[in-house]
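Undergrad: Have a look at the structure that comes next, please.
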Amino acid sequence: MNVNLKQLAEMLGLSQTTVSRALNGYPEVNAETRQRVLSAVRETGYRPNRAAQRLATGRAGSIGLVMPIAQGIDSDVHFGEFLAGLGEESVRHDFHFVINPSAPDDEEATFKRLAASGNVDALFLAYVRANDPRIAMLKSLSIPFVVHGRAIGQPADYPFLDIDNTAAFHDATRLLIQLGHRRIALINGPANLTFSIRRKKGMQRALEENGLSFDEGLAHHSLMTDEYGHRAMQQFLERKEPPTAVLCSSTVIALGAVRAISKAGLQLGTDISLIAHDDVLPMLKPENFSVPLTTTRSSLRAAGSRIATRLISRILKTGDYPEQELWRAELIVRASTGPAPKS
């Protein structure tokens, strides 16, 4: 059923002013009342007048993001999962998305236009690159923002949420070394993205700590799809001395790598070990692989939800959250890792 503000207020036994203030995030409305109002909004399908809201509060009730669009840029299941978390939390507070497509070389200007439009109250930035100029640009704008990730080579003086990618792949590599592996391959994300750089760094650090060297010939960087994972693993297995273990930056990559391993007649966890980073994608659970995968786990959906919580809290001036968060990934050992095969 569709109701107006007056009917909604009567249903709840509240004044129209209280309902309006609850919807618009005024701090004098207590949390219990706000939740009652938001629950009633979801049940009734009530939609406030956005133009009236903006006049009353000076807020648009929207979070903005820029999505690079160009030939050769494929849709990304990882980004979709992050947006699902962002969306779940936004819906709880009756916030919207404003998605602005942009050519990859025009992202800074697109962010500026989006901030100046008045159609968004906050912005977030994903897929961070080393020395990322977009961060300095966002700092220059008078609008809240959060970065999903961290740059390299510039001060970390901005709000961010990231996982400790260096530690995650350091721990994963150390486990493989403890199992006797010496030739370890890496199928990574794009080389210019900081999560990929840090994962490679973590692997290198673990190897160096154990007197081993990193073989650049056993490293592959590409988009994180099963097809690229399959191609990279095939190439590694064709080497004169193929790896006895491999690290994959995603379970999507691992799907292709496992396919190549199976085609080669090798047994995962016996002939070759594999560890993947698990973003907790609902359609690709590591425990459901034919051989359950050892993983470093950190939920992208949870990250999206947390970023939405922080941005909305900044907009509504409620709550007190840290400006910078570094989450530790969890190492979960399953059957895809075993002792290195004897030569």
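Here, A, B, ... name the chains of the structure tokens in the order displayed, residue numbers run from 1 inside each chain, and ligands are numbered from 1 in the same displayed order.
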Report as a ChimeraX atom specification all protein, DNA and RNA residues lying within 10 Å of A:Ala302, evaluated on only C-alpha atoms, omitting residues in the same chain fewer than 5 positions from it.
TA: /A:81-82,84-86,88-89,279-280,307-308
Undergrad: Generate a file of the selected residues that holds C-alpha atoms, formatted as a short mmCIF file (atom, residue, chain, number, x, y, z; two decimals), in the first residue's frame.
TA:
```
data_model
loop_
_atom_site.label_atom_id
_atom_site.label_comp_id
_atom_site.auth_asym_id
_atom_site.auth_seq_id
_atom_site.Cartn_x
_atom_site.Cartn_y
_atom_site.Cartn_z
CA GLU A 81 29.46 -7.73 -4.35
CA PHE A 82 30.90 -4.58 -2.77
CA ALA A 84 25.54 -5.08 -2.65
CA GLY A 85 26.92 -4.37 0.82
CA LEU A 86 26.87 -0.64 0.22
CA GLU A 88 22.04 -2.98 1.92
CA GLU A 89 23.15 -0.37 4.41
CA ASP A 279 36.02 -12.12 -1.07
CA VAL A 280 33.07 -14.22 0.18
CA ILE A 307 31.77 2.17 4.14
CA ALA A 308 28.08 3.04 3.74
#
```
Undergrad: Hey, what does DSSP flag as strand (DSSP E) within stretch 88-178 of chain A? Can you give it to me as a list in words?
TA: His96, Phe97, Val98, Ile99, Asn100, Pro101, Ser102, Ala122, Leu123, Phe124, Leu125, Phe145, Val146, Val147, His148, Phe160, Leu161, Asp162 and Ile163 of chain A
Undergrad: Set the distance at 9 Å and use only C-alpha atoms: which residues neighbour A:Glu323 once local chain neighbours fewer than 5 positions away are removed? I'd like the list as JSON, numbers by chain.
TA: {"A": [146, 158, 159, 160, 161, 310]}
Undergrad: Do you have, as a Markdown table, the list of residues of stretch 75-120 of chain A lying at most 9 Å from stretch 24-38 of chain A, each with its nearest atom pair and that distance in Å to one decimal, counting only C-alpha atoms and ordered by chain then number?
TA:
```
| residue | atom | partner | partner_atom | distance |
| --- | --- | --- | --- | --- |
| A:Arg92 | CA | A:Leu38 | CA | 7.2 |
| A:His93 | CA | A:Leu38 | CA | 7.2 |
| A:Asp94 | CA | A:Leu38 | CA | 7.7 |
```
Undergrad: Store the residues of this selection in a file with C-alpha atoms, as a compact mmCIF listing (two decimals), in the first residue's frame.
TA:
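The result, written out as part-v3.txt:
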```txt
# COMPACT_ATOMS: atom_id res chain seq x y z
CA ARG A 92 18.30 0.79 5.83
CA HIS A 93 18.73 4.56 6.03
CA ASP A 94 16.68 5.39 2.92
```
Undergrad: Taking 5 positions as the minimum chain separation for residues in the same chain, which residues sit within 9 Å of A:Thr244 when counting only C-alpha atoms? Answer as number ranges by chain.
TA: A: 181-185, 271-274, 340-341
Undergrad: Grab the residues selected above and save them as a JSON list (two decimals), in the first residue's frame with all heavy atoms.
TA:
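What follows is the written file out38.json:
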```json
[["chain", "number", "residue", "atom", "x", "y", "z"],
["A", 181, "HIS", "N", 57.09, -26.19, 0.00],
["A", 181, "HIS", "CA", 57.05, -25.65, -1.37],
["A", 181, "HIS", "C", 58.15, -24.60, -1.57],
["A", 181, "HIS", "O", 58.39, -23.76, -0.68],
["A", 181, "HIS", "CB", 55.68, -25.03, -1.66],
["A", 181, "HIS", "CG", 54.58, -26.05, -1.65],
["A", 181, "HIS", "ND1", 54.28, -26.83, -2.74],
["A", 181, "HIS", "CD2", 53.71, -26.41, -0.66],
["A", 181, "HIS", "CE1", 53.28, -27.63, -2.44],
["A", 181, "HIS", "NE2", 52.90, -27.40, -1.18],
["A", 182, "ARG", "N", 58.78, -24.64, -2.72],
["A", 182, "ARG", "CA", 59.84, -23.69, -3.04],
["A", 182, "ARG", "C", 59.55, -22.94, -4.35],
["A", 182, "ARG", "O", 59.97, -21.81, -4.52],
["A", 182, "ARG", "CB", 61.19, -24.41, -3.15],
["A", 182, "ARG", "CG", 61.64, -25.07, -1.83],
["A", 182, "ARG", "CD", 61.88, -24.02, -0.76],
["A", 182, "ARG", "NE", 62.30, -24.59, 0.52],
["A", 182, "ARG", "CZ", 61.48, -24.88, 1.52],
["A", 182, "ARG", "NH1", 60.17, -24.67, 1.38],
["A", 182, "ARG", "NH2", 61.93, -25.37, 2.65],
["A", 183, "ARG", "N", 58.85, -23.57, -5.28],
["A", 183, "ARG", "CA", 58.46, -22.91, -6.53],
["A", 183, "ARG", "C", 56.98, -22.55, -6.41],
["A", 183, "ARG", "O", 56.09, -23.39, -6.61],
["A", 183, "ARG", "CB", 58.71, -23.82, -7.74],
["A", 183, "ARG", "CG", 60.17, -24.11, -8.00],
["A", 183, "ARG", "CD", 60.40, -24.77, -9.37],
["A", 183, "ARG", "NE", 59.58, -25.97, -9.55],
["A", 183, "ARG", "CZ", 59.89, -27.17, -9.07],
["A", 183, "ARG", "NH1", 61.02, -27.33, -8.36],
["A", 183, "ARG", "NH2", 59.10, -28.22, -9.30],
["A", 184, "ILE", "N", 56.74, -21.28, -6.08],
["A", 184, "ILE", "CA", 55.37, -20.82, -5.81],
["A", 184, "ILE", "C", 55.01, -19.75, -6.84],
["A", 184, "ILE", "O", 55.73, -18.76, -7.00],
["A", 184, "ILE", "CB", 55.26, -20.26, -4.38],
["A", 184, "ILE", "CG1", 55.70, -21.32, -3.36],
["A", 184, "ILE", "CG2", 53.82, -19.82, -4.10],
["A", 184, "ILE", "CD1", 55.80, -20.79, -1.93],
["A", 185, "ALA", "N", 53.90, -19.95, -7.51],
["A", 185, "ALA", "CA", 53.44, -19.00, -8.53],
["A", 185, "ALA", "C", 52.42, -18.04, -7.93],
["A", 185, "ALA", "O", 51.83, -18.29, -6.88],
["A", 185, "ALA", "CB", 52.84, -19.75, -9.71],
["A", 271, "ASP", "N", 49.43, -33.04, -5.96],
["A", 271, "ASP", "CA", 50.46, -32.72, -6.96],
["A", 271, "ASP", "C", 50.79, -31.23, -6.95],
["A", 271, "ASP", "O", 51.92, -30.85, -7.28],
["A", 271, "ASP", "CB", 49.97, -33.10, -8.35],
["A", 271, "ASP", "CG", 49.65, -34.58, -8.47],
["A", 271, "ASP", "OD1", 50.47, -35.39, -7.99],
["A", 271, "ASP", "OD2", 48.59, -34.91, -9.01],
["A", 272, "ILE", "N", 49.84, -30.42, -6.63],
["A", 272, "ILE", "CA", 50.03, -28.97, -6.59],
["A", 272, "ILE", "C", 49.08, -28.37, -5.56],
["A", 272, "ILE", "O", 47.93, -28.82, -5.42],
["A", 272, "ILE", "CB", 49.82, -28.34, -7.99],
["A", 272, "ILE", "CG1", 50.16, -26.84, -7.98],
["A", 272, "ILE", "CG2", 48.41, -28.58, -8.50],
["A", 272, "ILE", "CD1", 50.26, -26.23, -9.38],
["A", 273, "SER", "N", 49.56, -27.39, -4.80],
["A", 273, "SER", "CA", 48.73, -26.73, -3.78],
["A", 273, "SER", "C", 48.27, -25.37, -4.29],
["A", 273, "SER", "O", 48.93, -24.74, -5.12],
["A", 273, "SER", "CB", 49.52, -26.56, -2.48],
["A", 273, "SER", "OG", 49.73, -27.82, -1.86],
["A", 274, "LEU", "N", 47.14, -24.92, -3.76],
["A", 274, "LEU", "CA", 46.58, -23.63, -4.19],
["A", 274, "LEU", "C", 45.94, -22.92, -3.00],
["A", 274, "LEU", "O", 45.22, -23.55, -2.22],
["A", 274, "LEU", "CB", 45.56, -23.85, -5.31],
["A", 274, "LEU", "CG", 44.92, -22.61, -5.95],
["A", 274, "LEU", "CD1", 44.58, -22.88, -7.43],
["A", 274, "LEU", "CD2", 43.66, -22.15, -5.21],
["A", 340, "ALA", "N", 54.65, -30.40, -0.29],
["A", 340, "ALA", "CA", 55.20, -30.32, -1.65],
["A", 340, "ALA", "C", 55.53, -31.73, -2.14],
["A", 340, "ALA", "O", 56.07, -32.56, -1.38],
["A", 340, "ALA", "CB", 56.46, -29.46, -1.66],
["A", 341, "PRO", "N", 55.20, -32.04, -3.39],
["A", 341, "PRO", "CA", 55.52, -33.37, -3.91],
["A", 341, "PRO", "C", 57.03, -33.59, -3.97],
["A", 341, "PRO", "O", 57.80, -32.65, -4.25],
["A", 341, "PRO", "CB", 54.91, -33.38, -5.31],
["A", 341, "PRO", "CG", 54.77, -31.93, -5.67],
["A", 341, "PRO", "CD", 54.55, -31.18, -4.38]]
```
Undergrad: With distances taken over only C-alpha atoms, which of A:Ile163, A:Val128, A:Val3, A:Ala168 is nearest to A:Asn192?
TA: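 Smallest distance to A:Asn192 is found for A:Val128.
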Undergrad: So that I can check the surroundings of A:Leu326, please list as a ChimeraX atom specification every protein, DNA and RNA residue that reaches within 12 Å of it, counting only C-alpha atoms and ignoring chain neighbours fewer than 3 positions away.
TA: /A:147-150,156,159-168,298,303,322-323,329
Undergrad: Could you give me, as a list in words, the residues within 10 Å of A:Glu330, counting only C-alpha atoms and dropping anything in the same chain fewer than 6 positions from it?
TA: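 Selected residues are Ala168, Asp171, His277, Asp278, Thr295, Thr296, Arg297 and Ser298 of chain A.
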Undergrad: Of the residues A:Leu266, A:Ile69, A:Tyr46, A:Gly304, which is the one nearest to A:Gln7, using only C-alpha atoms?
TA: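 So, comparing all the options, the nearest one is A:Tyr46.
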Undergrad: So that I can check the surroundings of A:Gly229, please list as a ChimeraX atom specification every protein, DNA and RNA residue that reaches within 6 Å of it, counting only C-alpha atoms and ignoring chain neighbours fewer than 3 positions away.
TA: /A:226,232,253,256-257
Undergrad: Print the selection's residues with N, CA, C and O atoms to a file, as a PDB file, in the first residue's frame.
TA:
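What landed in part_13.pdb:
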```pdb
ATOM      1  N   ASP A 226      37.979 -15.990 -14.460  1.00  0.00           N
ATOM      2  CA  ASP A 226      38.383 -17.389 -14.519  1.00  0.00           C
ATOM      3  C   ASP A 226      39.185 -17.691 -15.780  1.00  0.00           C
ATOM      4  O   ASP A 226      40.086 -18.534 -15.766  1.00  0.00           O
ATOM      5  N   ALA A 232      46.813 -18.384 -17.298  1.00  0.00           N
ATOM      6  CA  ALA A 232      48.049 -18.232 -16.533  1.00  0.00           C
ATOM      7  C   ALA A 232      48.514 -19.568 -15.976  1.00  0.00           C
ATOM      8  O   ALA A 232      49.705 -19.913 -16.057  1.00  0.00           O
ATOM      9  N   ILE A 253      39.606 -16.233 -10.087  1.00  0.00           N
ATOM     10  CA  ILE A 253      40.847 -16.655 -10.738  1.00  0.00           C
ATOM     11  C   ILE A 253      41.095 -18.132 -10.453  1.00  0.00           C
ATOM     12  O   ILE A 253      41.471 -18.907 -11.334  1.00  0.00           O
ATOM     13  N   GLY A 256      39.449 -20.779 -12.699  1.00  0.00           N
ATOM     14  CA  GLY A 256      40.150 -21.084 -13.940  1.00  0.00           C
ATOM     15  C   GLY A 256      41.427 -21.867 -13.720  1.00  0.00           C
ATOM     16  O   GLY A 256      41.754 -22.784 -14.486  1.00  0.00           O
ATOM     17  N   ALA A 257      42.156 -21.529 -12.649  1.00  0.00           N
ATOM     18  CA  ALA A 257      43.407 -22.234 -12.348  1.00  0.00           C
ATOM     19  C   ALA A 257      43.138 -23.699 -12.037  1.00  0.00           C
ATOM     20  O   ALA A 257      43.856 -24.595 -12.501  1.00  0.00           O
TER      21      ALA A 257
END
```
Undergrad: For A:Gly269, which of A:Gly87, A:Gly202, A:Gly338, A:Pro133 is the closest residue, counting only C-alpha atoms?
TA: A:Gly338
Undergrad: For the atom pair atom CA of A:Leu114 and atom CA of A:Val66, what is the interatomic distance in Å to one decimal place?
TA: 8.5 Å
Undergrad: Mind giving me the straight-line distance from atom CA of A:Gly61 to atom CA of A:Ile143 in Å, one decimal?
TA: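 That distance, rounded to one decimal, is 13.2 Å.
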